[in-house]
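Have a look at target_38.txt below; it lists compact mmCIF, C-alpha atoms.
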# COMPACT_ATOMS: atom_id res chain seq x y z
CA MET A 1 -15.21 -17.10 -10.90
CA LYS A 2 -12.44 -18.65 -12.95
CA LEU A 3 -9.28 -19.32 -11.01
CA GLU A 4 -6.01 -19.97 -12.76
CA ASN A 5 -2.83 -21.42 -11.31
CA LEU A 6 0.53 -20.21 -12.53
CA THR A 7 3.11 -22.85 -13.34
CA GLY A 8 6.59 -22.91 -14.77
CA LEU A 9 8.64 -21.96 -11.73
CA GLY A 10 12.13 -23.24 -12.34
CA ARG A 11 14.18 -24.84 -9.63
CA ALA A 12 16.22 -21.65 -9.17
CA GLU A 13 13.07 -19.60 -8.53
CA ARG A 14 11.64 -21.85 -5.85
CA PRO A 15 11.72 -20.34 -2.32
CA ARG A 16 14.87 -21.07 -0.39
CA ARG A 17 14.34 -23.11 2.76
CA TYR A 18 15.90 -22.29 6.10
CA GLY A 19 15.29 -25.67 7.70
CA ASP A 20 13.96 -23.84 10.76
CA ALA A 21 10.58 -24.48 12.42
CA CYS A 22 10.23 -20.83 13.51
CA GLY A 23 7.22 -19.10 11.97
CA THR A 24 9.39 -16.10 11.13
CA ALA A 25 11.68 -18.32 9.09
CA HIS A 26 8.72 -19.73 7.19
CA ALA A 27 7.37 -16.21 6.63
CA LEU A 28 10.67 -15.33 4.95
CA GLU A 29 10.35 -18.43 2.81
CA LEU A 30 6.93 -17.21 1.71
CA ILE A 31 7.54 -13.49 1.13
CA GLY A 32 11.21 -12.92 1.86
CA GLU A 33 12.40 -12.83 -1.75
CA ARG A 34 13.19 -9.35 -3.04
CA TRP A 35 10.01 -7.55 -4.19
CA SER A 36 7.61 -10.22 -2.88
CA LEU A 37 6.38 -8.23 0.11
CA LEU A 38 5.98 -5.11 -2.03
CA VAL A 39 3.85 -7.06 -4.52
CA VAL A 40 1.64 -8.09 -1.60
CA ARG A 41 1.49 -4.44 -0.53
CA GLU A 42 0.32 -3.37 -3.98
CA LEU A 43 -2.53 -5.90 -3.80
CA MET A 44 -3.79 -4.77 -0.38
CA PHE A 45 -6.55 -2.62 -1.89
CA GLY A 46 -7.93 -5.18 -4.30
CA GLY A 47 -7.08 -7.00 -7.50
CA ARG A 48 -4.68 -5.46 -10.00
CA ARG A 49 -3.68 -6.20 -13.57
CA PHE A 50 -0.09 -7.12 -14.33
CA VAL A 51 0.42 -3.70 -15.95
CA ASP A 52 -0.94 -1.97 -12.83
CA LEU A 53 1.57 -3.81 -10.66
CA ARG A 54 4.39 -2.79 -12.99
CA ARG A 55 3.27 0.84 -12.72
CA GLY A 56 3.24 0.69 -8.92
CA LEU A 57 6.68 -0.96 -8.82
CA PRO A 58 8.61 0.70 -11.67
CA GLY A 59 11.94 -0.76 -10.56
CA LEU A 60 10.64 -4.32 -10.92
CA SER A 61 11.20 -6.11 -14.25
CA ALA A 62 8.38 -8.00 -15.94
CA ASN A 63 10.32 -11.25 -15.63
CA VAL A 64 10.88 -10.93 -11.88
CA LEU A 65 7.28 -9.82 -11.33
CA THR A 66 6.09 -12.93 -13.16
CA GLN A 67 8.27 -15.09 -10.89
CA ARG A 68 7.10 -13.38 -7.71
CA LEU A 69 3.44 -13.65 -8.66
CA ALA A 70 3.87 -17.32 -9.50
CA ALA A 71 5.46 -17.96 -6.11
CA LEU A 72 2.71 -16.08 -4.27
CA VAL A 73 0.05 -18.06 -6.11
CA MET A 74 1.79 -21.37 -5.38
CA ALA A 75 2.00 -20.43 -1.69
CA GLY A 76 -1.72 -19.65 -1.51
CA ILE A 77 -1.11 -15.97 -0.76
CA ALA A 78 -2.46 -14.68 -4.07
CA ARG A 79 -4.48 -15.97 -6.99
CA ARG A 80 -5.17 -15.02 -10.58
CA ARG A 81 -8.66 -14.81 -12.00
CA SER A 82 -10.28 -13.57 -15.17
CA LEU A 83 -12.85 -10.82 -14.91
CA PRO A 84 -16.16 -11.62 -16.62
CA PRO A 85 -17.04 -10.01 -19.97
CA PRO A 86 -16.94 -7.34 -21.19
CA ALA A 87 -13.69 -6.72 -19.26
CA GLY A 88 -12.27 -10.19 -19.86
CA VAL A 89 -8.87 -9.35 -18.40
CA GLY A 90 -6.83 -11.24 -15.84
CA ILE A 91 -6.15 -9.74 -12.45
CA TYR A 92 -4.11 -10.81 -9.44
CA GLU A 93 -5.62 -10.57 -5.99
CA LEU A 94 -4.82 -11.68 -2.46
CA THR A 95 -6.55 -14.62 -0.89
CA ASP A 96 -8.28 -14.12 2.46
CA TRP A 97 -5.13 -15.44 4.13
CA GLY A 98 -3.00 -13.14 1.99
CA TYR A 99 -4.87 -10.10 3.29
CA GLU A 100 -3.93 -11.13 6.83
CA ALA A 101 -0.36 -10.06 6.03
CA GLU A 102 -1.36 -6.42 6.41
CA GLY A 103 -0.73 -6.43 10.15
CA ALA A 104 2.78 -7.76 9.62
CA ILE A 105 3.48 -5.17 6.92
CA GLN A 106 2.24 -2.39 9.19
CA ALA A 107 4.37 -3.59 12.10
CA LEU A 108 7.45 -3.71 9.87
CA GLY A 109 6.67 -0.26 8.52
CA ARG A 110 6.33 1.30 11.98
CA TRP A 111 9.55 -0.38 13.12
CA ALA A 112 11.54 0.61 10.02
CA ALA A 113 10.31 4.21 10.15
CA ARG A 114 12.50 4.61 13.25
CA SER A 115 15.64 3.69 11.29
CA PRO A 116 18.07 6.59 10.90
CA GLY A 117 18.43 5.46 7.29
CA HIS A 118 14.74 5.75 6.44
CA ASP A 119 14.15 8.48 3.85
CA PRO A 120 10.45 9.46 3.65
CA THR A 121 11.13 11.76 0.68
CA LEU A 122 11.79 8.88 -1.73
CA PRO A 123 9.11 8.00 -4.32
CA LEU A 124 6.26 5.71 -3.32
CA SER A 125 3.26 4.15 -5.00
CA ALA A 126 -0.37 5.08 -4.47
CA ALA A 127 -1.01 1.83 -2.59
CA SER A 128 2.05 2.44 -0.43
CA ALA A 129 0.84 5.93 0.44
CA MET A 130 -2.59 4.64 1.43
CA LEU A 131 -1.20 1.75 3.46
CA SER A 132 1.10 4.17 5.27
CA LEU A 133 -1.95 6.16 6.36
CA ARG A 134 -3.56 3.05 7.81
CA THR A 135 -0.25 2.24 9.50
CA MET A 136 0.77 5.58 10.96
CA ILE A 137 -2.55 7.13 12.02
CA ASP A 138 -2.79 8.03 15.71
CA PRO A 139 -5.94 6.11 16.71
CA VAL A 140 -6.37 8.02 19.97
CA ARG A 141 -6.34 11.44 18.35
CA ALA A 142 -8.48 10.16 15.49
CA GLY A 143 -11.10 8.66 17.78
CA ALA A 144 -13.46 11.63 17.84
CA LEU A 145 -12.93 12.70 14.23
CA THR A 146 -15.36 11.62 11.53
CA GLY A 147 -15.51 12.24 7.81
CA THR A 148 -14.48 10.89 4.44
CA LEU A 149 -11.49 11.86 2.34
CA ALA A 150 -10.85 11.03 -1.31
CA PHE A 151 -7.30 10.75 -2.63
CA ARG A 152 -6.83 10.86 -6.39
CA PHE A 153 -3.53 10.01 -8.04
CA GLY A 154 -4.05 9.98 -11.79
CA ASP A 155 -5.88 6.72 -12.55
CA ASP A 156 -5.77 5.58 -8.92
CA ALA A 157 -8.51 6.80 -6.60
CA PHE A 158 -9.24 5.92 -2.97
CA VAL A 159 -11.75 6.91 -0.31
CA ALA A 160 -10.75 6.86 3.36
CA ARG A 161 -13.31 6.93 6.15
CA LEU A 162 -12.45 8.03 9.67
CA ASP A 163 -14.20 5.54 11.90
CA GLY A 164 -13.60 5.54 15.66
CA GLY A 165 -9.83 5.75 15.31
CA ALA A 166 -9.66 3.27 12.44
CA LEU A 167 -9.15 4.23 8.81
CA PRO A 168 -10.71 1.83 6.32
CA ILE A 169 -9.65 2.71 2.77
CA VAL A 170 -11.07 1.37 -0.49
CA ARG A 171 -10.34 1.93 -4.15
CA ASP A 172 -13.20 4.22 -5.12
CA PRO A 173 -13.48 7.38 -7.23
CA GLY A 174 -16.60 8.29 -5.25
CA ILE A 175 -17.73 11.39 -3.42
CA ALA A 176 -16.17 12.41 -0.08
CA ASP A 177 -16.23 15.35 2.31
CA VAL A 178 -12.89 16.51 0.92
CA ALA A 179 -11.07 15.40 -2.23
CA VAL A 180 -7.30 15.69 -2.64
CA THR A 181 -5.84 15.43 -6.13
CA THR A 182 -2.07 15.07 -6.05
CA ASP A 183 0.75 12.54 -6.36
CA PRO A 184 1.86 10.13 -3.60
CA ARG A 185 5.16 11.91 -3.00
CA THR A 186 3.50 15.30 -2.46
CA LEU A 187 0.90 13.74 -0.18
CA ALA A 188 3.67 12.23 1.93
CA ALA A 189 5.38 15.62 2.12
CA VAL A 190 2.15 17.18 3.41
CA ILE A 191 1.21 14.35 5.77
CA TYR A 192 4.61 13.50 7.22
CA GLY A 193 6.82 16.46 6.29
CA LYS A 194 4.07 18.92 7.27
CA ARG A 195 4.48 20.89 4.09
CA PRO A 196 1.63 23.44 4.08
CA VAL A 197 -1.27 22.44 1.85
CA ALA A 198 -1.48 26.00 0.51
CA GLU A 199 2.16 25.82 -0.56
CA ALA A 200 1.63 22.55 -2.42
CA GLU A 201 -1.42 24.09 -4.12
CA GLN A 202 0.50 27.22 -5.07
CA ASP A 203 3.19 25.06 -6.68
CA GLY A 204 0.54 23.23 -8.70
CA LEU A 205 1.19 19.91 -6.95
CA MET A 206 -2.12 19.56 -5.12
CA ARG A 207 -5.77 20.43 -5.54
CA VAL A 208 -8.22 20.41 -2.65
CA ASP A 209 -12.00 20.39 -3.05
CA GLY A 210 -14.38 20.36 -0.13
CA ASP A 211 -13.87 20.53 3.63
CA ARG A 212 -10.39 22.00 4.04
CA ASP A 213 -10.71 22.05 7.83
CA LEU A 214 -11.22 18.28 7.82
CA LEU A 215 -8.06 17.88 5.74
CA ASP A 216 -6.05 20.04 8.15
CA ARG A 217 -7.29 18.01 11.12
CA PHE A 218 -6.56 14.80 9.24
CA VAL A 219 -2.96 15.81 8.52
CA ASP A 220 -2.47 16.46 12.22
CA LEU A 221 -3.21 12.80 12.99
CA PHE A 222 0.12 11.67 11.51
CA HIS A 223 3.63 12.07 12.87
CA LEU A 224 6.72 10.03 12.12
CA PRO A 225 8.19 8.29 15.19
CA ALA A 226 11.47 9.37 16.74
CA LYS A 227 14.55 7.82 15.20
CA ALA A 228 16.15 4.97 17.12
CA ALA A 229 19.45 5.62 18.85
CA VAL A 230 22.12 3.63 17.05
CA GLU A 231 25.43 3.19 18.84
Reformat the file's structure so that it appears as structure tokens.
Amino acid sequence: MKLENLTGLGRAERPRRYGDACGTAHALELIGERWSLLVVRELMFGGRRFVDLRRGLPGLSANVLTQRLAALVMAGIARRRSLPPPAGVGIYELTDWGYEAEGAIQALGRWAARSPGHDPTLPLSAASAMLSLRTMIDPVRAGALTGTLAFRFGDDAFVARLDGGALPIVRDPGIADVAVTTDPRTLAAVIYGKRPVAEAEQDGLMRVDGDRDLLDRFVDLFHLPAKAAVE
């Protein structure tokens, strides 16, 4: 496997230091720059090409993405490698340590979902939608439920497996008990807004193939937390 380091970070792009020994302060030095944590989020389901990352984060410029990837590589959170022929393209992927950030991202997501200012109807990427499922699933209610679900968003495809309350998800266009073809925003409306699946299908925003009862039971495993009282 050919590993490549990114260089060329200017002084202005180097992480700002807090001069604080707290681990939280150092975490912000590592991934606290705008977009950095979202780039990590996009890599949580495996390596992605630069163009794939741009598609998942349409508000992020190519220049800033280059800077953020360079910083993540320099910090040891991500790396760049070239796929072997015939692909021969470069991809960015998380290191083993980089993948450990998922727990922190999930904790932040659960906490921020209680904010009165959180708007779950805004657009989100395919990776964000899948990570939200791993974050917000009710493990107690999911404990006795088994089955596999495929989620297909254009060129992005994932398979989720209900496993004793956990929900491992991989990028895979493979076969599952039920396959849902839609877009991330519609899926969020069904999962969290409880929009009826039949209504989304009637509007041409979703297609369901396979075990519809499993899908209905799956949707019932997710509920947004109550909003925090803000005085």
| query | Contacts of range 43-57 of chain A at 6 Å or less, counting all atoms listed in the file, minus same-chain residues fewer than 5 places along, as a PyMOL selection string? | reply | chain A and resi 91-93+125
| request: Please measure the separation of CA of Ala150 in chain A and CA of Thr121 in chain A, giving the value in Å to one decimal. | output: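 Straight-line distance from CA of Ala150 in chain A to CA of Thr121 in chain A works out to 22.1 Å.
Interatomic distance, CA of Ser115 in chain A to CA of Ala228 in chain A: 6.0 Å.
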| message | Show me, as an MDAnalysis selection string, the residues that have an atom within 9 Å of Ala157 in chain A when counting only C-alpha atoms, minus same-chain residues fewer than 4 positions from it. | response | chainID A and resid 126 150:153 170:174
Nearby residues (only C-alpha atoms) at most 8 Å from Val219 in chain A, same-chain spacing under 6 positions excluded, as a PDB file with C-alpha atoms, in the coordinates of the input:
ATOM      1  CA  VAL A 190       2.150  17.180   3.410  1.00  0.00           C
ATOM      2  CA  ILE A 191       1.210  14.350   5.770  1.00  0.00           C
ATOM      3  CA  LYS A 194       4.070  18.920   7.270  1.00  0.00           C
TER       4      LYS A 194
END
| query | Between CA of Ala142 in chain A and CA of Ala166 in chain A, what is the spacing in Å? | reply |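 Straight-line distance from CA of Ala166 in chain A to CA of Ala142 in chain A works out to 7.6 Å.
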| query | Using only C-alpha atoms, which of A:Leu83, A:Ala179, A:Val40, A:Ala71 sits nearest Arg16 in chain A? | reply |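 When distances to Arg16 in chain A are compared using only C-alpha atoms, the smallest one comes from A:Ala71.
Considering the residues A:Ala176, A:Leu69, A:Leu124, A:Leu131 and counting all atoms listed in the file, Gly103 in chain A has its shortest atom-to-atom contact with A:Leu131.
Proximity of A:Ala189, A:Val39, A:Val64, A:Ile137 to Phe218 in chain A, computed with only C-alpha atoms, is greatest for A:Ile137.
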| message | Report as number ranges by chain all protein, DNA and RNA residues lying within 12 Å of range 202-204 of chain A, evaluated on only C-alpha atoms, omitting residues in the same chain fewer than 4 positions from it. | response | A: 181-183, 186, 195-198, 208
Please dump the current selection as a PDB file, in the frame of the given file; keep C-alpha atoms.
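Below is the file that was written, out.pdb:
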ATOM      1  CA  THR A 181      -5.840  15.430  -6.130  1.00  0.00           C
ATOM      2  CA  THR A 182      -2.070  15.070  -6.050  1.00  0.00           C
ATOM      3  CA  ASP A 183       0.750  12.540  -6.360  1.00  0.00           C
ATOM      4  CA  THR A 186       3.500  15.300  -2.460  1.00  0.00           C
ATOM      5  CA  ARG A 195       4.480  20.890   4.090  1.00  0.00           C
ATOM      6  CA  PRO A 196       1.630  23.440   4.080  1.00  0.00           C
ATOM      7  CA  VAL A 197      -1.270  22.440   1.850  1.00  0.00           C
ATOM      8  CA  ALA A 198      -1.480  26.000   0.510  1.00  0.00           C
ATOM      9  CA  VAL A 208      -8.220  20.410  -2.650  1.00  0.00           C
TER      10      VAL A 208
END
| Around (10.4, -9.1, 3.1) in the file's frame, which residues reach within 12 Å when counting only C-alpha atoms? Return as a PyMOL selection string? | chain A and resi 24-41+101+104-105+108-109+112
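Shortest separation to Val73 in chain A among A:Ala160, A:Leu94, A:Ile175, A:Leu221 occurs at residue A:Leu94, atoms counted being only C-alpha atoms.
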| Pick from A:Arg207, A:Leu214, A:Pro120, A:Pro86: nearest to Arg161 in chain A, with only C-alpha atoms counted? |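 For Arg161 in chain A, the nearest of the candidates is A:Leu214.
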| field | Polymer residues at most 10 Å from Pro123 in chain A, all atoms listed in the file, same-chain spacing of 5 or more positions, as a count of residues only | value | 7
Since the input has fewer atoms than a full residue there, write range 134-167 of chain A out with N, CA and C atoms, as a short mmCIF file (atom, residue, chain, number, x, y, z; two decimals), keeping the file's coordinate frame.
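Final output, saved to out02.cif:
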data_model
loop_
_atom_site.label_atom_id
_atom_site.label_comp_id
_atom_site.auth_asym_id
_atom_site.auth_seq_id
_atom_site.Cartn_x
_atom_site.Cartn_y
_atom_site.Cartn_z
N ARG A 134 -2.95 4.02 6.90
CA ARG A 134 -3.56 3.05 7.81
C ARG A 134 -2.58 2.62 8.89
N THR A 135 -1.28 2.69 8.57
CA THR A 135 -0.25 2.24 9.50
C THR A 135 0.09 3.30 10.53
N MET A 136 0.20 4.54 10.11
CA MET A 136 0.77 5.58 10.96
C MET A 136 -0.26 6.48 11.64
N ILE A 137 -1.54 6.29 11.38
CA ILE A 137 -2.55 7.13 12.02
C ILE A 137 -2.50 6.97 13.53
N ASP A 138 -2.71 8.06 14.24
CA ASP A 138 -2.79 8.03 15.71
C ASP A 138 -4.24 7.72 16.07
N PRO A 139 -4.55 6.49 16.49
CA PRO A 139 -5.94 6.11 16.71
C PRO A 139 -6.60 6.86 17.87
N VAL A 140 -5.81 7.29 18.84
CA VAL A 140 -6.37 8.02 19.97
C VAL A 140 -6.84 9.39 19.52
N ARG A 141 -5.99 10.10 18.82
CA ARG A 141 -6.34 11.44 18.35
C ARG A 141 -7.43 11.39 17.29
N ALA A 142 -7.48 10.28 16.55
CA ALA A 142 -8.48 10.16 15.49
C ALA A 142 -9.83 9.69 16.00
N GLY A 143 -9.90 9.28 17.26
CA GLY A 143 -11.10 8.66 17.78
C GLY A 143 -12.36 9.48 17.65
N ALA A 144 -12.27 10.77 17.85
CA ALA A 144 -13.46 11.63 17.84
C ALA A 144 -13.69 12.29 16.48
N LEU A 145 -12.84 12.03 15.52
CA LEU A 145 -12.93 12.70 14.23
C LEU A 145 -13.66 11.80 13.23
N THR A 146 -14.63 12.37 12.54
CA THR A 146 -15.36 11.62 11.53
C THR A 146 -15.30 12.37 10.20
N GLY A 147 -15.50 11.64 9.13
CA GLY A 147 -15.51 12.24 7.81
C GLY A 147 -14.89 11.33 6.78
N THR A 148 -15.04 11.68 5.53
CA THR A 148 -14.48 10.89 4.44
C THR A 148 -13.55 11.76 3.60
N LEU A 149 -12.48 11.15 3.14
CA LEU A 149 -11.49 11.86 2.34
C LEU A 149 -11.19 11.04 1.09
N ALA A 150 -11.21 11.69 -0.06
CA ALA A 150 -10.85 11.03 -1.31
C ALA A 150 -9.44 11.45 -1.70
N PHE A 151 -8.66 10.49 -2.16
CA PHE A 151 -7.30 10.75 -2.63
C PHE A 151 -7.21 10.27 -4.07
N ARG A 152 -6.86 11.16 -4.97
CA ARG A 152 -6.83 10.86 -6.39
C ARG A 152 -5.44 11.08 -6.95
N PHE A 153 -4.88 9.98 -7.46
CA PHE A 153 -3.53 10.01 -8.04
C PHE A 153 -3.62 9.53 -9.48
N GLY A 154 -3.90 10.40 -10.40
CA GLY A 154 -4.05 9.98 -11.79
C GLY A 154 -5.18 8.98 -11.92
N ASP A 155 -4.86 7.75 -12.37
CA ASP A 155 -5.88 6.72 -12.55
C ASP A 155 -6.24 6.00 -11.27
N ASP A 156 -5.49 6.23 -10.21
CA ASP A 156 -5.77 5.58 -8.92
C ASP A 156 -6.58 6.51 -8.03
N ALA A 157 -7.66 5.99 -7.48
CA ALA A 157 -8.51 6.80 -6.60
C ALA A 157 -8.93 5.96 -5.39
N PHE A 158 -8.92 6.60 -4.23
CA PHE A 158 -9.24 5.92 -2.97
C PHE A 158 -10.16 6.80 -2.14
N VAL A 159 -10.96 6.18 -1.30
CA VAL A 159 -11.75 6.91 -0.31
C VAL A 159 -11.43 6.34 1.07
N ALA A 160 -11.06 7.24 1.98
CA ALA A 160 -10.75 6.86 3.36
C ALA A 160 -11.86 7.37 4.27
N ARG A 161 -12.24 6.55 5.23
CA ARG A 161 -13.31 6.93 6.15
C ARG A 161 -12.80 6.88 7.57
N LEU A 162 -12.82 7.99 8.26
CA LEU A 162 -12.45 8.03 9.67
C LEU A 162 -13.56 7.39 10.49
N ASP A 163 -13.19 6.34 11.24
CA ASP A 163 -14.20 5.54 11.90
C ASP A 163 -13.71 5.09 13.27
N GLY A 164 -13.94 5.92 14.29
CA GLY A 164 -13.60 5.54 15.66
C GLY A 164 -12.14 5.25 15.87
N GLY A 165 -11.27 5.96 15.19
CA GLY A 165 -9.83 5.75 15.31
C GLY A 165 -9.26 4.85 14.24
N ALA A 166 -10.11 4.11 13.55
CA ALA A 166 -9.66 3.27 12.44
C ALA A 166 -9.75 4.07 11.14
N LEU A 167 -9.14 3.53 10.09
CA LEU A 167 -9.15 4.23 8.81
C LEU A 167 -9.31 3.23 7.67
#
